[in-house]
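All remarks here apply to the structure that follows.
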Amino acid sequence: MASVLVVEDDQFVRSALIRHLTEAAHTVRSVGTALEALREVAHFSFDVVILDLGLPDLDGAEALKMLRGITDVPVIIATARDDETEIVRLLNDGADDYLTKPFSVEHLSARMAAVLRRSRATGDTPASPVLRVGGLSIDPLRRQAELDGARLDLTRREFDLLAFLAGRPGVVVARKELLAEVWQQSYGDDQTIDVHLSWLRRKLGETAARPRYLHTLRGVGVKLEPPSLEPPR
Ligand code: CA
């Protein structure tokens with residue numbers, strides 16, 4: 001049971017969502033514009049927000065950014081646009097998951113359950129030690145990462161990815177495992193992982209061709225380990 005904010009301007013879709021979520025014992029509030037949504041999250045606490053991208057007042061990406069400025073609440077994007085680039089960009093901008101319309105009730109339930117499991121798991125995690133790999137230090141509790149003493153500016157997903165890999169240095173982690181552990185999905189496409197890896201890599205100041213910490217083993221997986229002592233050529 002969760003408290004859900006539905007942001008959807010289409011009256012038909014909105015009623016269907018409210019009906020389904022209420023039947024599934026969730027508490028639902030709903031609004032039809034991005035500005036109303038911002039007001040809602042500023043005044044009430046939600047477990048998850050379902051955000052339609054095609055709203056009358058603000059572009060979905062804009063709405064997401066403003067939401068993220070106020071709250072860390074999990075956001076599931078509901079989009080009619082089947083545009084991978086846009087979806088990847090929104091995931092990087094802080095969306096937790098997405099659904100392409102039209103979606104089934106089962107699909108929505110599955111995504112919501114995954115997102116809630118993830119946010120509740122993070123919320124309940126007891127104090128964990130700072131992870132250190134070479135010049136990297138990752139503090140899972142404060143959600144801060146540093147490289148050679150300089151703070152890294154990571155998105156939530158990049159941080160989760162880095163922290164997961166740093167928790168098992170030198171171990172090759174399969175993409176499937178990353179999807180399951182970091183994205184909490186049992187299926188999905190490798191592209192999402194690749195894109196996040198390449199962003200993370202850039203922030204660590206390395207490239208796939210000249211890796212220092214992040215090593216991709218084609219067809220096998222990814223591992224994080226301290227760089228070798230030789231200075232990079
Ligand atoms: Ca719409």
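We label chains A, B, ... in the order they appear in the structure tokens, count residues from 1 in each chain, and number ligands from 1 in the order shown.
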
Dump as JSON lines the rows for residues of chain A within 7 Å of ligand 1: closest atom pair and distance in Å with one decimal, only C-alpha atoms and all ligand atoms counted, ordered by chain and rising residue number.
```
{"residue": "A:Glu8", "atom": "CA", "partner": "ligand 1", "partner_atom_place_in_ligand_line": "1 (Ca)", "distance": 5.8}
{"residue": "A:Asp9", "atom": "CA", "partner": "ligand 1", "partner_atom_place_in_ligand_line": "1 (Ca)", "distance": 5.0}
{"residue": "A:Asp10", "atom": "CA", "partner": "ligand 1", "partner_atom_place_in_ligand_line": "1 (Ca)", "distance": 5.3}
{"residue": "A:Asp52", "atom": "CA", "partner": "ligand 1", "partner_atom_place_in_ligand_line": "1 (Ca)", "distance": 5.8}
{"residue": "A:Leu53", "atom": "CA", "partner": "ligand 1", "partner_atom_place_in_ligand_line": "1 (Ca)", "distance": 6.4}
{"residue": "A:Gly54", "atom": "CA", "partner": "ligand 1", "partner_atom_place_in_ligand_line": "1 (Ca)", "distance": 4.0}
{"residue": "A:Leu55", "atom": "CA", "partner": "ligand 1", "partner_atom_place_in_ligand_line": "1 (Ca)", "distance": 4.9}
```

If you count only C-alpha atoms, which residues fall within 9 Å of Pro56 of chain A, apart from same-chain ones fewer than 4 positions away, as number ranges by chain? A: 9, 32-34

For the helix (DSSP H, G or I) assignment from backbone DSSP, which residues of segment 78-207 of chain A qualify? Please present them as a PyMOL selection string. chain A and resi 84-92+105-124+156-166+175-181+190-203

Contacts of segment 131-145 of chain A at 12 Å or less, counting only C-alpha atoms, minus same-chain residues fewer than 6 places along, as an MDAnalysis selection string? chainID A and resid 122:125 151:170 200 203:204 212:214 223:229

I need the residues in segment 17-161 of chain A that are strand (DSSP E or B) according to DSSP; give them as a count of residues only. 34

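Take atom CA of His107 of chain A and atom CA of Leu179 of chain A: the distance between them is 17.3 Å.
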
Pick out the residues sitting within 10 Å of segment 19-26 of chain A, and hand them over as a ChimeraX atom specification; count only C-alpha atoms, and ignore anything fewer than 2 positions along from it in its own chain. /A:1-4,6,13-17,28-29,105,108-109
